[in-house]
$ cat structure03.pdb   # PDB, C-alpha atoms
ATOM      1  CA  MET A  30      29.274   9.846  69.436
ATOM      2  CA  ARG A  31      32.706  11.308  69.982
ATOM      3  CA  PHE A  32      34.899  12.125  67.015
ATOM      4  CA  THR A  33      38.301  10.565  66.579
ATOM      5  CA  THR A  34      40.909  12.971  67.891
ATOM      6  CA  LEU A  35      44.615  13.210  67.393
ATOM      7  CA  ALA A  36      45.023  12.183  71.008
ATOM      8  CA  ALA A  37      43.425   8.853  70.138
ATOM      9  CA  PHE A  38      46.130   8.316  67.542
ATOM     10  CA  ALA A  39      48.988   9.310  69.817
ATOM     11  CA  LEU A  40      49.445  10.001  73.491
ATOM     12  CA  ALA A  41      51.673  12.850  72.412
ATOM     13  CA  ALA A  42      49.148  14.870  70.428
ATOM     14  CA  THR A  43      49.776  18.613  70.571
ATOM     15  CA  VAL A  44      48.004  21.747  69.442
ATOM     16  CA  ILE A  45      50.054  21.979  66.272
ATOM     17  CA  SER A  46      49.262  25.645  65.613
ATOM     18  CA  ASP A  47      51.269  26.583  68.724
ATOM     19  CA  SER A  48      54.457  25.354  67.047
ATOM     20  CA  THR A  49      54.696  28.358  64.702
ATOM     21  CA  THR A  50      53.091  31.097  66.816
ATOM     22  CA  LYS A  51      56.406  32.632  67.898
ATOM     23  CA  TRP A  52      57.891  32.350  64.411
ATOM     24  CA  GLU A  53      54.864  34.120  62.954
ATOM     25  CA  ALA A  54      55.159  36.877  65.563
ATOM     26  CA  ALA A  55      58.830  37.331  64.664
ATOM     27  CA  CYS A  56      57.913  37.408  60.989
ATOM     28  CA  ASP A  57      55.222  40.026  61.586
ATOM     29  CA  ALA A  58      57.694  42.144  63.551
ATOM     30  CA  ALA A  59      60.171  41.861  60.672
ATOM     31  CA  GLY A  60      57.608  43.181  58.202
ATOM     32  CA  GLY A  61      56.704  39.929  56.464
ATOM     33  CA  GLY A  62      53.040  40.855  56.112
ATOM     34  CA  ALA A  63      50.501  38.307  54.863
ATOM     35  CA  GLN A  64      53.254  35.845  53.947
ATOM     36  CA  CYS A  65      53.910  35.218  57.639
ATOM     37  CA  ASN A  66      50.554  33.582  58.314
ATOM     38  CA  GLN A  67      50.562  31.709  55.005
ATOM     39  CA  VAL A  68      53.931  30.109  55.677
ATOM     40  CA  ALA A  69      53.173  29.494  59.361
ATOM     41  CA  VAL A  70      49.941  27.596  58.786
ATOM     42  CA  ALA A  71      51.325  25.584  55.892
ATOM     43  CA  SER A  72      54.218  24.646  58.166
ATOM     44  CA  PHE A  73      52.330  23.456  61.224
ATOM     45  CA  GLY A  74      50.101  21.350  58.977
ATOM     46  CA  THR A  75      53.131  19.130  58.340
ATOM     47  CA  LEU A  76      53.033  18.021  61.991
ATOM     48  CA  LEU A  77      49.914  15.952  61.370
ATOM     49  CA  ALA A  78      50.010  12.230  60.662
ATOM     50  CA  ALA A  79      49.553  12.252  56.886
ATOM     51  CA  PRO A  80      52.494  14.326  55.483
ATOM     52  CA  GLY A  81      55.665  12.500  54.417
ATOM     53  CA  PRO A  82      58.905  12.357  56.419
ATOM     54  CA  CYS A  83      60.491  15.344  54.624
ATOM     55  CA  GLU A  84      57.505  17.702  54.655
ATOM     56  CA  GLN A  85      58.390  19.211  58.042
ATOM     57  CA  GLN A  86      61.933  19.927  56.857
ATOM     58  CA  ASN A  87      60.586  21.397  53.612
ATOM     59  CA  ALA A  88      58.326  23.665  55.661
ATOM     60  CA  ALA A  89      61.261  24.781  57.812
ATOM     61  CA  ASP A  90      63.137  25.557  54.593
ATOM     62  CA  ASN A  91      60.243  27.777  53.519
ATOM     63  CA  MET A  92      60.399  29.556  56.882
ATOM     64  CA  VAL A  93      64.123  30.199  56.437
ATOM     65  CA  ASP A  94      63.596  31.293  52.833
ATOM     66  CA  LEU A  95      61.183  33.996  53.977
ATOM     67  CA  ALA A  96      63.526  35.048  56.783
ATOM     68  CA  LYS A  97      66.275  35.600  54.242
ATOM     69  CA  THR A  98      64.071  37.992  52.300
ATOM     70  CA  LEU A  99      63.663  39.998  55.516
ATOM     71  CA  ASN A 100      67.333  40.833  56.059
ATOM     72  CA  SER A 101      68.046  37.250  57.192
ATOM     73  CA  ASN A 102      66.084  37.865  60.381
ATOM     74  CA  ALA A 103      67.932  35.958  63.093
ATOM     75  CA  ASP A 104      64.884  35.337  65.289
ATOM     76  CA  MET A 105      62.959  33.822  62.383
ATOM     77  CA  ILE A 106      65.854  31.564  61.424
ATOM     78  CA  GLU A 107      66.388  30.309  64.993
ATOM     79  CA  LEU A 108      62.673  29.644  65.404
ATOM     80  CA  ALA A 109      62.604  27.806  62.072
ATOM     81  CA  GLN A 110      65.512  25.670  63.293
ATOM     82  CA  ILE A 111      63.515  24.800  66.412
ATOM     83  CA  PHE A 112      60.383  24.085  64.355
ATOM     84  CA  ALA A 113      62.371  21.622  62.235
ATOM     85  CA  GLN A 114      62.938  19.644  65.460
ATOM     86  CA  GLN A 115      59.404  19.765  66.880
ATOM     87  CA  PRO A 116      58.018  16.240  67.498
ATOM     88  CA  ARG A 117      55.134  15.309  65.224
ATOM     89  CA  ASN A 118      51.782  13.846  66.171
ATOM     90  CA  SER A 119      51.972  10.182  65.256
ATOM     91  CA  PRO A 120      49.412   7.390  64.936
ATOM     92  CA  THR A 121      49.366   4.576  67.504
ATOM     93  CA  SER A 122      52.263   6.139  69.439
ATOM     94  CA  LEU A 123      54.914   5.052  66.947
ATOM     95  CA  SER A 124      57.984   7.191  66.322
ATOM     96  CA  VAL A 125      57.839   9.343  63.183
ATOM     97  CA  PRO A 126      60.389   8.512  60.463
ATOM     98  CA  TYR A 127      63.217  10.968  59.876
ATOM     99  CA  CYS A 128      63.792  12.748  56.602
ATOM    100  CA  GLN A 129      66.980  11.445  55.053
ATOM    101  CA  SER A 130      67.391  14.146  52.416
ATOM    102  CA  ALA A 131      69.417  17.330  52.805
ATOM    103  CA  PRO A 132      67.567  20.610  53.397
ATOM    104  CA  ARG A 133      67.802  23.507  50.937
ATOM    105  CA  ASN A 134      69.216  25.858  53.555
ATOM    106  CA  ALA A 135      72.526  25.254  55.303
ATOM    107  CA  GLU A 136      71.003  26.605  58.532
ATOM    108  CA  LEU A 137      69.006  23.372  58.798
ATOM    109  CA  ASN A 138      71.875  20.963  58.180
ATOM    110  CA  GLY A 139      72.050  18.222  60.803
ATOM    111  CA  LEU A 140      68.644  19.005  62.303
ATOM    112  CA  PHE A 141      65.881  16.428  62.740
ATOM    113  CA  GLN A 142      62.784  16.150  64.877
ATOM    114  CA  CYS A 143      62.716  14.981  68.460
ATOM    115  CA  GLN A 144      60.207  12.295  69.384
ATOM    116  CA  PHE A 145      57.675  12.394  72.208
ATOM    117  CA  GLN A 146      58.272  10.325  75.338
ATOM    118  CA  GLY A 147      55.068   8.392  74.690
ATOM    119  CA  ASP A 148      56.261   7.183  71.286
ATOM    120  CA  ASN A 149      57.877   3.780  70.893
ATOM    121  CA  PRO A 150      61.590   4.600  70.385
ATOM    122  CA  THR A 151      62.314   1.552  68.235
ATOM    123  CA  THR A 152      59.155   1.165  66.133
ATOM    124  CA  PHE A 153      58.412   3.685  63.396
ATOM    125  CA  VAL A 154      55.292   4.591  61.426
ATOM    126  CA  GLY A 155      55.101   2.429  58.322
ATOM    127  CA  GLY A 156      57.833   0.090  59.535
ATOM    128  CA  THR A 157      60.566   2.346  58.129
ATOM    129  CA  ALA A 158      64.127   2.328  59.354
ATOM    130  CA  CYS A 159      65.181   4.686  62.096
ATOM    131  CA  TRP A 160      68.089   6.513  60.435
ATOM    132  CA  ARG A 161      71.260   5.916  58.535
ATOM    133  CA  ALA A 162      72.772   5.652  62.004
ATOM    134  CA  PRO A 163      70.829   5.302  65.288
ATOM    135  CA  VAL A 164      69.900   8.476  67.149
ATOM    136  CA  ASN A 165      71.536   8.475  70.572
ATOM    137  CA  PRO A 166      69.796   8.797  72.915
ATOM    138  CA  ALA A 167      66.694   7.588  71.135
ATOM    139  CA  GLY A 168      64.114  10.307  70.594
ATOM    140  CA  SER A 169      66.550  13.169  71.098
ATOM    141  CA  CYS A 170      67.362  16.022  68.730
ATOM    142  CA  PRO A 171      70.056  18.742  68.693
ATOM    143  CA  ALA A 172      67.796  21.210  70.527
ATOM    144  CA  ASN A 173      67.025  18.638  73.237
ATOM    145  CA  PRO A 174      70.017  16.271  73.305
ATOM    146  CA  SER A 175      68.990  14.575  76.557
ATOM    147  CA  GLY A 176      66.218  12.542  74.924
ATOM    148  CA  PRO A 177      62.552  12.757  73.852
ATOM    149  CA  ILE A 178      60.380  15.583  75.138
ATOM    150  CA  THR A 179      57.281  15.455  77.315
ATOM    151  CA  ASP A 180      54.146  14.305  75.545
ATOM    152  CA  GLY A 181      52.058  17.159  74.183
ATOM    153  CA  SER A 182      54.668  19.851  74.748
ATOM    154  CA  GLN A 183      56.114  22.382  72.315
ATOM    155  CA  LEU A 184      59.866  22.320  71.794
ATOM    156  CA  VAL A 185      59.853  26.106  71.334
ATOM    157  CA  ASP A 186      58.482  26.441  74.891
ATOM    158  CA  ILE A 187      61.224  24.185  76.279
ATOM    159  CA  THR A 188      64.237  25.812  74.662
ATOM    160  CA  GLN A 189      65.215  28.870  72.671
ATOM    161  CA  ASN A 190      68.471  27.293  71.577
ATOM    162  CA  PRO A 191      68.170  25.196  68.416
ATOM    163  CA  GLY A 192      71.384  23.366  69.244
ATOM    164  CA  VAL A 193      73.252  24.669  66.214
ATOM    165  CA  GLY A 194      76.869  25.741  66.606
ATOM    166  CA  GLY A 195      77.274  29.472  67.101
ATOM    167  CA  THR A 196      73.684  30.196  68.141
ATOM    168  CA  THR A 197      72.963  31.872  71.442
ATOM    169  CA  GLY A 198      69.284  31.018  71.670
ATOM    170  CA  SER A 199      68.372  34.589  72.559
ATOM    171  CA  MET A 200      65.178  35.847  70.938
ATOM    172  CA  SER A 201      63.228  39.030  71.461
ATOM    173  CA  THR A 202      59.826  38.127  70.046
ATOM    174  CA  THR A 203      56.863  36.641  71.851
ATOM    175  CA  GLY A 204      53.170  36.286  71.391
ATOM    176  CA  GLY A 205      51.113  35.547  68.331
ATOM    177  CA  SER A 206      47.919  36.295  66.458
ATOM    178  CA  ASN A 207      44.425  35.821  67.823
ATOM    179  CA  SER A 208      43.231  34.047  64.701
ATOM    180  CA  THR A 209      45.163  31.088  63.396
ATOM    181  CA  SER A 210      44.550  29.794  59.882
ATOM    182  CA  MET A 211      44.736  26.027  59.768
ATOM    183  CA  VAL A 212      45.198  25.715  56.005
ATOM    184  CA  ALA A 213      47.226  27.738  53.538
ATOM    185  CA  THR A 214      48.521  27.560  50.014
ATOM    186  CA  PRO A 215      51.108  24.827  49.469
ATOM    187  CA  SER A 216      54.708  25.561  48.630
ATOM    188  CA  SER A 217      55.508  25.382  44.953
ATOM    189  CA  GLY A 218      57.807  22.929  43.267
ATOM    190  CA  SER A 219      58.719  19.447  44.331
ATOM    191  CA  SER A 220      60.392  17.932  47.329
ATOM    192  CA  ASN A 221      62.381  14.819  47.981
ATOM    193  CA  SER A 222      61.041  11.831  49.837
ATOM    194  CA  GLY A 223      62.995  10.043  52.524
ATOM    195  CA  ASP A 224      63.922   7.451  49.906
ATOM    196  CA  GLY A 225      65.480  10.047  47.607
ATOM    197  CA  VAL A 226      62.615   9.907  45.094
ATOM    198  CA  PRO A 227      61.385  13.333  43.897
ATOM    199  CA  ILE A 228      57.774  13.828  44.880
ATOM    200  CA  THR A 229      55.329  16.702  44.758
ATOM    201  CA  SER A 230      54.619  18.143  48.187
ATOM    202  CA  PRO A 231      51.130  17.112  49.347
ATOM    203  CA  THR A 232      48.708  20.024  49.356
ATOM    204  CA  MET A 233      47.102  21.113  52.599
ATOM    205  CA  SER A 234      43.820  21.588  50.748
ATOM    206  CA  ALA A 235      41.463  24.387  51.649
ATOM    207  CA  THR A 236      38.464  22.346  50.516
ATOM    208  CA  SER A 237      36.406  19.729  52.273
ATOM    209  CA  ALA A 238      36.114  16.191  50.990
ATOM    210  CA  ALA A 239      32.376  16.696  51.208
ATOM    211  CA  ALA A 240      32.502  19.789  49.023
ATOM    212  CA  ALA A 241      31.700  19.184  45.384
ATOM    213  CA  PRO A 242      32.572  22.700  44.124
ATOM    214  CA  SER A 243      36.093  23.969  44.568
ATOM    215  CA  ALA A 244      36.576  26.486  47.353
ATOM    216  CA  THR A 245      38.861  28.483  45.112
ATOM    217  CA  SER A 246      37.250  30.779  42.588
ATOM    218  CA  SER A 247      38.544  30.856  39.055
ATOM    219  CA  SER A 248      37.885  34.588  38.921
ATOM    220  CA  THR A 249      40.910  36.810  38.491
ATOM    221  CA  SER A 250      39.026  40.107  38.666
ATOM    222  CA  GLY A 251      38.211  42.279  41.662
ATOM    223  CA  ASN A 252      34.907  40.402  41.948
ATOM    224  CA  PHE A 253      36.709  37.462  43.573
ATOM    225  CA  LYS A 254      36.002  38.893  47.035
ATOM    226  CA  LEU A 255      32.261  38.284  46.775
ATOM    227  CA  THR A 256      32.852  34.869  45.221
ATOM    228  CA  ASN A 257      35.258  34.028  48.051
ATOM    229  CA  GLY A 258      32.631  34.949  50.621
ATOM    230  CA  GLN A 259      29.969  32.851  48.939
ATOM    231  CA  ASN A 260      32.305  29.873  48.576
ATOM    232  CA  ALA A 261      33.201  30.124  52.262
ATOM    233  CA  GLN A 262      29.495  30.060  53.119
ATOM    234  CA  LYS A 263      28.994  26.943  50.976
ATOM    235  CA  LEU A 264      31.849  25.183  52.719
ATOM    236  CA  ASN A 265      30.583  26.117  56.176
ATOM    237  CA  ALA A 266      27.129  24.814  55.281
ATOM    238  CA  GLN A 267      28.666  21.524  54.148
ATOM    239  CA  PHE A 268      30.873  21.286  57.237
ATOM    240  CA  ALA A 269      27.758  21.595  59.402
ATOM    241  CA  THR A 270      26.478  18.305  57.949
ATOM    242  CA  LEU A 271      29.617  16.266  58.699
ATOM    243  CA  THR A 272      29.500  13.528  61.305
ATOM    244  CA  ALA A 273      31.921  10.958  62.656
ATOM    245  CA  ASN A 274      30.706   8.597  59.947
ATOM    246  CA  SER A 275      31.183  10.984  57.017
ATOM    247  CA  SER A 276      33.359   9.585  54.261
ATOM    248  CA  CYS A 277      36.431  11.585  53.343
ATOM    249  CA  THR A 278      39.372  11.544  50.965
ATOM    250  CA  GLU A 279      42.878  11.124  52.349
ATOM    251  CA  GLY A 280      44.575  14.435  53.116
ATOM    252  CA  THR A 281      41.529  16.671  52.716
ATOM    253  CA  ASN A 282      40.488  19.087  55.441
ATOM    254  CA  ALA A 283      37.238  20.262  56.975
ATOM    255  CA  CYS A 284      35.616  21.564  60.145
ATOM    256  CA  VAL A 285      33.843  18.975  62.297
ATOM    257  CA  ASN A 286      31.892  20.166  65.338
ATOM    258  CA  GLY A 287      33.989  23.317  65.540
ATOM    259  CA  ALA A 288      37.321  21.506  65.324
ATOM    260  CA  PHE A 289      39.809  21.462  62.460
ATOM    261  CA  ALA A 290      39.768  18.049  60.809
ATOM    262  CA  GLN A 291      42.057  16.232  58.411
ATOM    263  CA  CYS A 292      41.155  12.984  56.687
ATOM    264  CA  VAL A 293      43.596  10.243  57.732
ATOM    265  CA  GLY A 294      42.905   6.678  56.636
ATOM    266  CA  GLY A 295      39.363   7.525  55.549
ATOM    267  CA  THR A 296      38.441   9.012  58.934
ATOM    268  CA  TYR A 297      38.380  12.625  60.064
ATOM    269  CA  VAL A 298      41.003  13.262  62.731
ATOM    270  CA  THR A 299      40.159  16.421  64.647
ATOM    271  CA  GLN A 300      42.331  19.042  66.313
ATOM    272  CA  SER A 301      40.715  21.394  68.821
ATOM    273  CA  CYS A 302      41.008  25.085  67.973
ATOM    274  CA  GLY A 303      41.377  26.102  71.595
ATOM    275  CA  SER A 304      39.305  28.102  74.042
ATOM    276  CA  GLY A 305      37.028  30.694  72.470
ATOM    277  CA  LEU A 306      37.850  29.671  68.899
ATOM    278  CA  THR A 307      35.992  27.660  66.306
ATOM    279  CA  CYS A 308      36.877  26.212  62.933
ATOM    280  CA  ALA A 309      35.401  27.910  59.887
ATOM    281  CA  ALA A 310      35.994  28.455  56.191
ATOM    282  CA  LEU A 311      36.951  32.082  55.555
ATOM    283  CA  PRO A 312      37.373  34.070  52.340
ATOM    284  CA  LEU A 313      40.877  35.072  51.326
ATOM    285  CA  VAL A 314      41.361  38.828  51.143
ATOM    286  CA  ASN A 315      43.977  39.448  48.472
ATOM    287  CA  SER A 316      43.360  36.609  46.042
ATOM    288  CA  ALA A 317      40.677  34.172  44.945
ATOM    289  CA  GLY A 318      40.069  31.292  47.349
ATOM    290  CA  THR A 319      39.247  30.317  50.915
ATOM    291  CA  SER A 320      41.067  29.017  53.948
ATOM    292  CA  ILE A 321      39.978  26.724  56.761
ATOM    293  CA  THR A 322      40.654  28.644  59.920
ATOM    294  CA  CYS A 323      40.475  28.636  63.688
ATOM    295  CA  THR A 324      39.016  31.988  64.674
ATOM    296  CA  THR A 325      36.203  33.540  66.686
ATOM    297  CA  ASN A 326      32.646  33.308  65.441
ATOM    298  CA  ALA A 327      32.438  37.112  65.359
ATOM    299  CA  ASP A 328      35.564  37.368  63.216
ATOM    300  CA  ALA A 329      34.270  34.753  60.780
ATOM    301  CA  LEU A 330      30.960  36.584  60.416
ATOM    302  CA  ALA A 331      32.702  39.927  59.905
ATOM    303  CA  ARG A 332      35.078  38.602  57.253
ATOM    304  CA  ILE A 333      32.302  37.006  55.245
ATOM    305  CA  ALA A 334      30.120  40.109  55.531
ATOM    306  CA  ALA A 335      33.034  42.273  54.339
ATOM    307  CA  THR A 336      32.946  40.474  50.964
ATOM    308  CA  GLY A 337      29.335  41.492  50.389
ATOM    309  CA  ALA A 338      28.014  37.971  50.853
ATOM    310  CA  GLN A 339      24.640  37.860  52.605
ATOM    311  CA  GLY A 340      23.304  35.290  55.038
ATOM    312  CA  GLY A 341      25.968  34.964  57.697
ATOM    313  CA  LEU A 342      28.292  32.000  58.146
ATOM    314  CA  THR A 343      26.442  29.521  55.965
ATOM    315  CA  GLY A 344      24.445  31.768  53.617
TER
END
$ encode --input "structure03.pdb" --output "structure tokens"
Amino acid sequence: MRFTTLAAFALAATVISDSTTKWEAACDAAGGGAQCNQVAVASFGTLLAAPGPCEQQNAADNMVDLAKTLNSNADMIELAQIFAQQPRNSPTSLSVPYCQSAPRNAELNGLFQCQFQGDNPTTFVGGTACWRAPVNPAGSCPANPSGPITDGSQLVDITQNPGVGGTTGSMSTTGGSNSTSMVATPSSGSSNSGDGVPITSPTMSATSAAAAPSATSSSTSGNFKLTNGQNAQKLNAQFATLTANSSCTEGTNACVNGAFAQCVGGTYVTQSCGSGLTCAALPLVNSAGTSITCTTNADALARIAATGAQGGLTG
């Protein structure tokens, strides 16, 4: 039996991790360290179906916030501006509602996501209104003012100009990491919903709905590394038992048949990791906890072994 995929929910499904690859590379070049990957993976998770209309903008704000701590790195800010306009994967090919709250950073003022060409330009997820005023042409955004973009494409591959006054669109960074974490720690604080009601940002959880124990250790000592490795093994063992019929809790994440999976509407929606990569739970290195990651099998085995945990991927 085939698993439900994002493509089944929308003709325009993309490999969401590609949306922040260039930003992460720019962040690494600017000296952002481990924060780069953490912010990048938390950001591209907002392009899935479940997050609210303002979560993508909130993520772009986090990207700009980090850029400002790195001498206001221009490449990072421009790439964050483009990310804020990346079309989102949407269920049943409906357009994704726009956030109608102001961003924290002025660099994101006036920016909103494009839509994919395969999305219905007049019907929105949840039956919400289009905008305070109609977008013209429908599906366009400042970085691509001619209209919606090709299904499955990345806006950052189409343009390097975010469409903001005074930007040149020139960027010097390319490339990305070989291992892409699919889940990271959520941003702190609260955000604002499209209706102006303060809400807590939904957590891109690092634990599976099938996992009874938490993937995050309560240990605060140096011993957390071994605990992290053992918890990762437990998660991987549980992921190996998941099927298309496994029950799940809305918004939780897992690995299903080597693909990253998020629970949407009680069903796991999977996102392929790409050629040569597989989904796995990995131990965090600098703090207690685990992450659900697209990586190579060899890398997953090495990271778990480095914690002192015995027994390979699943213990």
$ resolve_selection --input "structure03.pdb" --expression "the PyMOL selection byres ((chain A and resi 297-305) around 7)" --output "list in words"
Thr33, Thr34, Leu35, Ala288, Phe289, Ala290, Gln291, Cys292, Val293, Gly295, Thr296, Leu306, Thr307, Cys308, Cys323 and Thr325 of chain A
$ closest_residue --input "structure03.pdb" --among "A:Pro191, A:Gly74, A:Gly340, A:Gly280" --to "Glu136 in chain A" --atoms "all atoms listed in the file"
A:Pro191
$ resolve_selection --input "structure03.pdb" --expression "the PyMOL selection byres ((chain A and resi 258-275) around 6)" --output "VMD selection string"
chain A and resid 32 244 255 to 257 276 284 310 to 312 333 336 338 342 to 344
$ residues_around --input "structure03.pdb" --residues "range 168-177 of chain A" --least-positions-apart "6" --cutoff "8 Å" --atoms "all atoms listed in the file" --output "MDAnalysis selection string"
chainID A and resid 111 114 140:146 150 188 190:193
$ closest_residue --input "structure03.pdb" --among "A:Ala54, A:Ala327, A:Val68, A:Val154" --to "Ser124 in chain A" --atoms "all atoms listed in the file"
A:Val154
$ atom_distance --input "structure03.pdb" --atom1 "CA of Asn149 in chain A" --atom2 "CA of Pro80 in chain A"
19.4 Å
$ residues_near_point --input "structure03.pdb" --point "(57.5, 11.8, 62.5)" --cutoff "7 Å" --atoms "all atoms listed in the file" --output "list in words"
Pro82, Pro116, Arg117, Ser119, Ser124, Val125, Pro126 and Tyr127 of chain A
$ atom_distance --input "structure03.pdb" --atom1 "CA of Met105 in chain A" --atom2 "CA of Trp52 in chain A"
5.7 Å
$ resolve_selection --input "structure03.pdb" --expression "the PyMOL selection byres ((chain A and resi 89) around 12)" --output "JSON, numbers by chain"
{"A": [48, 49, 52, 68, 69, 70, 71, 72, 73, 74, 75, 76, 83, 84, 85, 86, 87, 88, 90, 91, 92, 93, 94, 95, 96, 105, 106, 107, 108, 109, 110, 111, 112, 113, 114, 115, 132, 133, 134, 135, 136, 137, 138, 140, 141, 142, 216]}
$ atom_distance --input "structure03.pdb" --atom1 "CA of Val314 in chain A" --atom2 "CA of Gln67 in chain A"
12.3 Å
$ closest_residue --input "structure03.pdb" --among "A:Thr50, A:Ile187, A:Gly294, A:Ala79" --to "Asn66 in chain A" --atoms "only C-alpha atoms"
A:Thr50
$ axis_aligned_box --input "structure03.pdb" --around "range 87-106 of chain A" --padding-each-side "3 Å" --output "lines of an AutoDock Vina configuration file"
center_x = 63.2
center_y = 31.1
center_z = 58.8
size_x = 15.7
size_y = 25.4
size_z = 19.0
$ closest_residue --input "structure03.pdb" --among "A:Asp328, A:Ser316, A:Val164, A:Cys56" --to "Asn252 in chain A" --atoms "all atoms listed in the file"
A:Ser316
